[in-house]
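Following: one structure in structure tokens, then a few remarks.
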Amino acid sequence: MNGGLTRRAFGLLLLIGCAAPAWAADLVALSPQTWERYVPHGKEVDAIYGDFVLVNDRLVSVVASPKRGRNANMTVREVGGCLIDLTRRDRQSDQLSAFYPGAQLRELRFAGIEVEAPKVYEAAELDRVFVRARRVVLRLVALPREKAPDVEVTYALEDGWPHVLVTTTFSNPGTTPVDAELIDAVRADRSFERSPEGSSRLFWAYDRHFGQAYGVTAMGHEIRGSSGRQMLLRYQNREGKVAVRLAPGETYRLERRVIPGAHLFEIQQVAARLAGDPGRLIRLNVKETGGHPIAEADVVVSQGGKPWAWGRTDEKGVLQVATGAEAGELTVSALGHGSRSMPLGAEVGDSLAVELPAAGTIVAQITDEKGGPIPCKVQFLGRDGTKSPDFGPDSGEHAIKNVYYSHDGRFRRKLEPGFYDVIVSYGPEYDAVFTQLHVERGQESALKAKLVRSVKSEGWISTDYHSHSSPSGDNTSSQLGRVLNLLCEQVEFAPCTEHNRLSTYEPHLRRLGAEARMATCVGIELTGQPLPLNHQNAFPMIIRPHTQDNGGPTSDNDPEVQIERLALWDGGSEKLVQVNHPDMGWMFGDRNGDSRPDAGFSGMHGKMDVVEVHPLHTIFEPPTSRPGRATRNNTVVNWLQLLNRGFRIPGVVNTDAHYNFHGSGWLRNYVKSPTDDPAQVQTLDVVRASERGNLVMSSGPFLEVGLRTGEENGSKAIPGENVKAQDGRATLRVKVQCPNWFDIDRVQVFLNGRPADKLNFTRKNTPQFFSTQTIKFDQEIPLKLDRDAHVIVVAIGEHSRLGAVMGPEHTDDRPVAVSNPIFVDVDGGGFQPNGDTLGELPVKGGL
């Protein structure tokens, strides 16, 4: 069968599939009927309906549907006809972004399916392909191009193969010679180790933390790999050429075998067998003193003094170790257990047992005030000569660098013997626990702590509207890890806002049993050019699972077109549209970036509901500065300028977290809410409160601001609201709470964007207004206004820092909170902005 398929009843195929023999390979188009059975698993899975799965008893692979506009994610684009998912079938952990045959130099289209008998069954329609045979082949062809060879790409899989065979056939049907470049590209990002640069018969990439390795071999060719995010693989034939000239009528075939494995030993062993060397495997069993297996022990085989291959033991402490052709050295190490090295020669049998010293074990039981389970972040900091642990990369889940995220406060973790400072925390509404541990080899050390909620935030919930993980495409963080990070920082509402793809945190919260701890909804960050101007978040959105971008809108290089498309998506449904990290001068006053004021991107103004304004601590600085040749716009002060000009757009702050090592938690919004229970939070309540500006921005302090006009029973307002004070008299109530790990020492009232000299309170000059308890400041401040004014309150710890609780990147951040404005109408004619520009209006920043 070549170039097509015969029609049969698809329902019958599914019935036959249940009883089909185990020796076959399948080629399946993903659909609602085939999804659950065939889609692979792993952090980087990007398959959608319409993609092709090739699967046998050893592996599962996905080739993206060969059509224009098929993107794996924001940065892995135009993958039609490319290999986008690949993993072992028994230990699924797809980490491949893409293998691009031909390095995207040609656009591929579907050309047919071939099978090798015995054939079990087949189906015809392209979106319902279901073929089982001893060997299956997906055939694609490149769109024709002048002065270039014809190109056919096939993906083949046979029962028992530990690899996918990718074949590119170049042919010259013309009358003049043409050149064919022997090149592919690979995206395997961030935490992957890669082949050294230079020529080799095997290209490999290995992510030991997520247990996935890849190898590429090309018979008759050496492979020259390049560094960079998109690695180019150039194939050098026996004549030393990486491009071949085809005479008229001539063809050239390039065969690559793409190998998935759980570790680099497996890749080396498969590659050796493909080259005709059966190799040798040793079954390594790693145990600690006392006989317990050691999982995730690092095993390295060195040859000639250089590492040759490495991997990690499974949950039983077992690893199949390929030894290579030369004698070498075996080194086994594990966190808490130390290491051991030994020669690895012919005298070593087919199995080998290695014993390491027993580790010390932390047994954690962290509770809330009532003794119940509670999410928490636990940091282990080595002291007195003990090194801090390194559990894994910042893209991980529970255990990241020296941090453990626990969704319920109960865990066990091995550590090197020694002395540790330990910090246990659960966001800025809880006092942190600072303690010390002595870990002894072979012993259990109890870590017990009770987290006390010292800050009372009734009527407000903490939110972060801007976070990312691996589906965004510009990072490799586990999405489960992102949820754990948010959860363990006591963020109570967080939409899922991946770049250019609708997604949801709900499956992760269900897996953790934490649905009642954090509310969430489907959202997106629509990300276009130019940067950083054209990024907007929106939530809630309607997800259409397993379709391109899960049914999200596409980006546009015109910010006005893009934000309108986003606002009107899902039939103009109610949603919050947020502008992210804007250059205020560019957006509102310098459209063409020529530093001459104009109307900016005026078509965006009415579409945005809120705008990010961080960092907050620069609110006391000028609106624009010019360090060197650069123009630097001060976003939070530029926002004050907008308020004075009549742009009533609430401000928000968000972490824009991309990695999971303290990525979330150091910025948040406190939003007015009818419920304090995350399980009862309604997304549209959050949307509407944010649109009104019923919101206080914070890096930690809980700031409450209310304004009352007249006497005790006068009109009242909170941030984002209007209030009349016809005699100009009002009372401002300001209350600031902090946990035990940071402080505030200044409260400043801003009137119409300017700090009022007489409304500046500091711990030094007005110590009677401040406390050393949780409630740092709680005062009623009389106001006498002579004209309409918007009132903003800032609380800051000018001599305090967030400290170690928020990790090394934010240790020196100041605790600061900024309220959204309360709009006070003094003359009874409705609030009118005063037009004060607060100095120079900004234009586009940068050089």
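Simple scheme: letters A, B, ... for chains in structure tokens order, numbers from 1 for residues in each chain, numbers from 1 for ligands in the order shown.
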Mind checking which residues fall within 7 Å of Val321 of chain A, counting only C-alpha atoms, ignoring those fewer than 3 positions away in the same chain, and posting them as a CSV table (one decimal) with N, CA and C atoms, in the first residue's frame?
chain,number,residue,atom,x,y,z
A,265,PHE,N,23.5,5.3,29.4
A,265,PHE,CA,24.0,3.9,29.1
A,265,PHE,C,23.1,3.2,28.1
A,281,LEU,N,26.5,-5.5,29.0
A,281,LEU,CA,25.7,-4.9,30.1
A,281,LEU,C,26.0,-5.6,31.4
A,282,ILE,N,26.1,-4.8,32.4
A,282,ILE,CA,26.2,-5.2,33.8
A,282,ILE,C,25.0,-4.8,34.6
A,283,ARG,N,24.4,-5.7,35.3
A,283,ARG,CA,23.3,-5.3,36.2
A,283,ARG,C,23.8,-4.8,37.5
A,284,LEU,N,23.7,-3.5,37.7
A,284,LEU,CA,24.3,-2.9,38.9
A,284,LEU,C,23.2,-2.8,39.9
Report task. Find the spatial neighbours of Met231 of chain A, counting only C-alpha atoms, within a cut-off of 6 Å - ignore same-chain residues fewer than 5 positions away - and output them as a list of chain:residue names. Result ->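 Counting only the stated atoms, we get A:Ala185, A:Val186, A:Ser226.
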Query raised in the report: Can you list, as a list in words, every protein, DNA or RNA residue that comes within 10 Å of Val483 of chain A when you count only C-alpha atoms, leaving out same-chain residues fewer than 4 positions away?
Result: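 Once the nearby chain positions are removed, what remains is Glu397, His407, Ser467, His468, Ser469, Ser478, Gln479, Leu487, Cys488, Glu489, Val491, Ala494, Cys496, Tyr505, Glu506, His508, Leu509, Leu512, Ala514, Met518, Asn660 and Ser664 of chain A.
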Residues from the last selection, N, CA, C and O atoms, saved as a short mmCIF file (atom, residue, chain, number, x, y, z; two decimals), in the first residue's frame:
data_model
loop_
_atom_site.label_atom_id
_atom_site.label_comp_id
_atom_site.auth_asym_id
_atom_site.auth_seq_id
_atom_site.Cartn_x
_atom_site.Cartn_y
_atom_site.Cartn_z
N GLU A 397 10.12 19.65 40.68
CA GLU A 397 8.79 19.61 41.30
C GLU A 397 8.90 19.78 42.81
O GLU A 397 8.99 20.90 43.30
N HIS A 407 3.13 19.60 49.77
CA HIS A 407 1.74 20.02 49.68
C HIS A 407 0.96 19.75 50.95
O HIS A 407 -0.15 20.27 51.13
N SER A 467 2.10 33.56 35.56
CA SER A 467 3.08 32.50 35.85
C SER A 467 3.26 31.63 34.62
O SER A 467 2.38 31.56 33.76
N HIS A 468 4.39 30.93 34.59
CA HIS A 468 4.69 30.08 33.43
C HIS A 468 5.30 28.76 33.86
O HIS A 468 5.82 28.61 34.96
N SER A 469 5.26 27.82 32.92
CA SER A 469 5.96 26.54 33.04
C SER A 469 6.22 26.04 31.63
O SER A 469 6.06 26.78 30.65
N SER A 478 8.54 22.13 35.21
CA SER A 478 7.36 21.28 35.37
C SER A 478 6.17 22.12 35.79
O SER A 478 6.27 22.96 36.69
N GLN A 479 5.02 21.89 35.15
CA GLN A 479 3.82 22.62 35.55
C GLN A 479 3.34 22.19 36.92
O GLN A 479 2.83 23.01 37.69
N LEU A 487 1.28 26.98 45.55
CA LEU A 487 0.55 26.43 46.68
C LEU A 487 1.32 26.65 47.98
O LEU A 487 0.73 27.05 49.01
N CYS A 488 2.62 26.43 47.95
CA CYS A 488 3.44 26.51 49.17
C CYS A 488 3.81 27.93 49.53
O CYS A 488 4.45 28.16 50.57
N GLU A 489 3.41 28.91 48.70
CA GLU A 489 3.55 30.33 49.05
C GLU A 489 2.20 30.94 49.43
O GLU A 489 2.06 32.15 49.53
N VAL A 491 -0.52 31.32 47.73
CA VAL A 491 -1.26 32.07 46.72
C VAL A 491 -2.62 31.40 46.59
O VAL A 491 -2.71 30.21 46.31
N ALA A 494 -4.75 31.66 41.31
CA ALA A 494 -3.76 31.82 40.25
C ALA A 494 -4.29 31.22 38.96
O ALA A 494 -4.46 30.00 38.87
N CYS A 496 -3.93 29.93 35.12
CA CYS A 496 -2.84 29.33 34.36
C CYS A 496 -2.62 30.19 33.11
O CYS A 496 -3.53 30.32 32.28
N TYR A 505 -4.34 24.37 35.63
CA TYR A 505 -3.67 23.76 36.77
C TYR A 505 -4.54 22.71 37.47
O TYR A 505 -4.09 22.05 38.42
N GLU A 506 -5.77 22.57 37.05
CA GLU A 506 -6.72 21.74 37.80
C GLU A 506 -6.26 20.29 37.96
O GLU A 506 -6.39 19.72 39.05
N HIS A 508 -3.30 19.08 38.33
CA HIS A 508 -2.25 19.03 39.34
C HIS A 508 -2.83 19.22 40.74
O HIS A 508 -2.41 18.54 41.69
N LEU A 509 -3.77 20.13 40.87
CA LEU A 509 -4.39 20.34 42.18
C LEU A 509 -5.16 19.10 42.61
O LEU A 509 -5.14 18.72 43.80
N LEU A 512 -2.73 16.47 43.84
CA LEU A 512 -2.21 16.79 45.17
C LEU A 512 -3.30 16.79 46.23
O LEU A 512 -3.00 16.91 47.43
N ALA A 514 -5.40 19.21 46.58
CA ALA A 514 -5.28 20.58 47.10
C ALA A 514 -6.26 21.55 46.45
O ALA A 514 -6.03 22.77 46.48
N MET A 518 -6.21 26.31 46.67
CA MET A 518 -5.92 27.34 45.66
C MET A 518 -6.97 27.29 44.56
O MET A 518 -7.19 26.24 43.95
N ASN A 660 11.07 27.28 39.10
CA ASN A 660 10.36 26.90 40.33
C ASN A 660 11.16 27.07 41.61
O ASN A 660 10.65 26.75 42.68
N SER A 664 7.62 31.76 42.47
CA SER A 664 6.36 32.39 42.86
C SER A 664 6.44 32.85 44.31
O SER A 664 7.24 32.35 45.09
#
Query raised in the report: So which residues touch segment 37-43 of chain A within 9 Å, counting only C-alpha atoms, skipping near sequence neighbours fewer than 4 positions away, as an MDAnalysis selection string?
Result: chainID A and resid 28 30 33 47:48 53:55 60:62 85:87 89 92:95 210 470:471 476:479
Restricting it to N, CA and C atoms, dump the selection as a compact mmCIF listing (two decimals), in the first residue's frame.
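File produced: again-v4.txt:
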# COMPACT_ATOMS: atom_id res chain seq x y z
N VAL A 28 -1.07 5.57 14.24
CA VAL A 28 -2.41 6.03 14.62
C VAL A 28 -2.46 7.55 14.51
N LEU A 30 -4.05 10.69 16.16
CA LEU A 30 -4.69 10.99 17.44
C LEU A 30 -6.05 11.64 17.22
N GLN A 33 -11.08 9.30 19.99
CA GLN A 33 -11.20 7.86 20.19
C GLN A 33 -9.87 7.19 20.55
N ALA A 47 1.66 16.76 21.78
CA ALA A 47 0.76 16.14 20.82
C ALA A 47 -0.63 16.77 20.90
N ILE A 48 -1.31 16.82 19.76
CA ILE A 48 -2.71 17.23 19.70
C ILE A 48 -3.44 16.30 18.72
N VAL A 53 0.92 9.00 15.75
CA VAL A 53 1.67 8.24 16.74
C VAL A 53 2.19 6.97 16.09
N LEU A 54 3.50 6.73 16.23
CA LEU A 54 4.09 5.44 15.87
C LEU A 54 4.53 4.79 17.17
N VAL A 55 4.02 3.59 17.43
CA VAL A 55 4.27 2.95 18.72
C VAL A 55 4.50 1.46 18.51
N VAL A 60 7.20 4.96 22.16
CA VAL A 60 6.06 5.70 21.59
C VAL A 60 6.59 7.03 21.08
N SER A 61 6.18 7.39 19.86
CA SER A 61 6.66 8.62 19.23
C SER A 61 5.50 9.34 18.57
N VAL A 62 5.65 10.66 18.44
CA VAL A 62 4.60 11.47 17.83
C VAL A 62 5.23 12.33 16.74
N ASP A 85 7.45 14.24 20.06
CA ASP A 85 7.39 13.50 21.33
C ASP A 85 8.03 12.15 21.11
N LEU A 86 8.84 11.71 22.09
CA LEU A 86 9.50 10.42 21.96
C LEU A 86 9.94 9.96 23.34
N THR A 87 9.55 8.73 23.70
CA THR A 87 9.95 8.21 25.00
C THR A 87 9.82 6.69 25.00
N ARG A 89 8.40 3.22 26.19
CA ARG A 89 7.00 2.93 26.51
C ARG A 89 6.83 2.53 27.97
N GLN A 92 7.71 6.23 30.68
CA GLN A 92 7.41 7.38 29.83
C GLN A 92 7.76 8.69 30.53
N SER A 93 8.59 9.47 29.86
CA SER A 93 8.99 10.78 30.37
C SER A 93 9.45 11.64 29.20
N ASP A 94 8.54 11.95 28.30
CA ASP A 94 8.92 12.71 27.11
C ASP A 94 9.51 14.06 27.51
N GLN A 95 10.72 14.34 27.02
CA GLN A 95 11.38 15.62 27.25
C GLN A 95 11.84 16.27 25.95
N PHE A 210 14.98 14.26 34.84
CA PHE A 210 13.67 13.79 34.40
C PHE A 210 13.76 12.42 33.73
N SER A 470 6.62 24.79 31.52
CA SER A 470 7.14 24.28 30.26
C SER A 470 6.21 24.44 29.05
N PRO A 471 4.88 24.31 29.17
CA PRO A 471 4.05 24.50 27.99
C PRO A 471 4.19 25.87 27.33
N THR A 476 11.59 25.29 30.85
CA THR A 476 11.37 23.84 30.92
C THR A 476 10.82 23.41 32.28
N SER A 477 10.25 24.33 33.02
CA SER A 477 9.76 24.00 34.36
C SER A 477 8.55 23.08 34.31
N SER A 478 8.54 22.13 35.21
CA SER A 478 7.36 21.28 35.37
C SER A 478 6.17 22.12 35.79
N GLN A 479 5.02 21.89 35.15
CA GLN A 479 3.82 22.62 35.55
C GLN A 479 3.34 22.19 36.92
Requested in this report: Write out as an NGL selection string all residues of segment 502-654 of chain A that DSSP puts in strand (DSSP E or B) for this structure's backbone.
Outcome: :A and (503 or 519 or 522-527 or 535-539 or 576-579 or 610-612 or 624-625 or 631-633 or 651-652)
Prev. selection, C-alpha atoms, output as a short mmCIF file (atom, residue, chain, number, x, y, z; two decimals), in the first residue's frame:
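Contents of selection28.cif, as written:
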data_model
loop_
_atom_site.label_atom_id
_atom_site.label_comp_id
_atom_site.auth_asym_id
_atom_site.auth_seq_id
_atom_site.Cartn_x
_atom_site.Cartn_y
_atom_site.Cartn_z
CA SER A 503 -3.90 25.45 29.87
CA ALA A 519 -8.53 28.52 43.20
CA VAL A 522 -7.94 28.60 32.38
CA GLY A 523 -6.01 31.57 31.02
CA ILE A 524 -3.31 32.61 28.57
CA GLU A 525 -0.52 35.06 27.96
CA LEU A 526 -0.89 36.09 24.34
CA THR A 527 2.65 36.92 23.30
CA HIS A 535 2.18 40.69 25.96
CA GLN A 536 -1.32 40.42 27.42
CA ASN A 537 -2.88 37.95 29.84
CA ALA A 538 -6.52 37.04 29.97
CA PHE A 539 -8.72 34.85 32.15
CA LEU A 576 -9.81 40.17 32.76
CA VAL A 577 -7.36 41.52 30.17
CA GLN A 578 -4.02 42.42 31.68
CA VAL A 579 -1.12 44.22 30.00
CA VAL A 610 -5.39 46.15 34.50
CA VAL A 611 -1.71 46.81 33.93
CA GLU A 612 1.43 45.49 35.63
CA THR A 624 12.28 58.63 33.95
CA SER A 625 16.03 58.29 34.39
CA THR A 631 16.29 55.88 28.91
CA ARG A 632 14.76 53.96 31.80
CA ASN A 633 11.08 54.38 32.50
CA GLY A 651 -2.33 48.47 38.76
CA VAL A 652 -1.29 44.90 39.53
#
Query raised in the report: Suppose you want the space between atom CA of Gly728 of chain A and atom CA of Asp825 of chain A; what is it in Å?
Result: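 If I compute the distance from atom CA of Gly728 of chain A to atom CA of Asp825 of chain A, I get 8.3 Å.
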Report task. Using DSSP on the backbone coordinates, identify the residues of segment 152-346 of chain A assigned to helix (DSSP H, G or I); present them as a PyMOL selection string. Result -> chain A and resi 264-274
Report task. Fewer than 3 positions away in the same chain doesn't count, so skip those; otherwise give me all residues within 6 Å of segment 439-445 of chain A, counting only C-alpha atoms, as a count of residues only. Result -> 7
Requested in this report: Have a look at A:Leu83, A:Ile461, A:Ala295, A:Val805 and name the one nearest to Val681 of chain A; count only C-alpha atoms.
Outcome: A:Ile461
Query - Contact residues around Asp556 of chain A with only C-alpha atoms at 9 Å, ignoring same-chain residues under 5 positions, as number ranges by chain - result: A: 526-529, 534, 561-563, 565
Report task. Work out how far apart atom CA of Pro248 of chain A and atom CA of Thr167 of chain A are and give it in Å to one decimal. Result ->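 We find that atom CA of Pro248 of chain A and atom CA of Thr167 of chain A lie 20.9 Å from each other.
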Query raised in the report: Which is closer to Ile223 of chain A than all the others in A:Glu158, A:Asp90, A:Glu197, A:Asp778, using only C-alpha atoms?
Result: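 Checking each of A:Glu158, A:Asp90, A:Glu197, A:Asp778 against Ile223 of chain A, counting only C-alpha atoms, the winner is A:Glu197.
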Mind running segment 336-431 of chain A against segment 297-316 of chain A at 10 Å and telling me each contacting residue's nearest atom pair with the distance in Å (one decimal), counting only C-alpha atoms, chain and number ascending, as a Markdown table?
| residue | atom | partner | partner_atom | distance |
| --- | --- | --- | --- | --- |
| A:His337 | CA | A:Ala297 | CA | 9.0 |
| A:Ser339 | CA | A:Asp298 | CA | 9.1 |
| A:Arg340 | CA | A:Val299 | CA | 9.8 |
| A:Ser341 | CA | A:Val300 | CA | 9.3 |
| A:Met342 | CA | A:Val301 | CA | 9.9 |
| A:Pro343 | CA | A:Val301 | CA | 9.5 |
| A:Leu344 | CA | A:Val301 | CA | 8.1 |
| A:Leu356 | CA | A:Ala297 | CA | 10.0 |
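Ranking A:Lys377, A:Arg383, A:Arg668, A:Arg708 by their shortest atom-to-atom distance to Ala432 of chain A, with only C-alpha atoms included, puts A:Lys377 first.
Proximity ranking of A:Arg801, A:Lys414, A:Arg754, A:Arg229 relative to Trp741 of chain A places A:Arg801 first, based on only C-alpha atoms.
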Query - Polymer residues at most 6 Å from segment 810-818 of chain A, only C-alpha atoms, same-chain spacing of 4 or more positions, as a count of residues only - result: 16
**Report entry** Closest of A:Gln548, A:Gln490, A:Thr75, A:Asn402 to Cys376 of chain A - atom-to-atom distances counting only C-alpha atoms
**Finding:**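 Closest candidate: A:Gln490.
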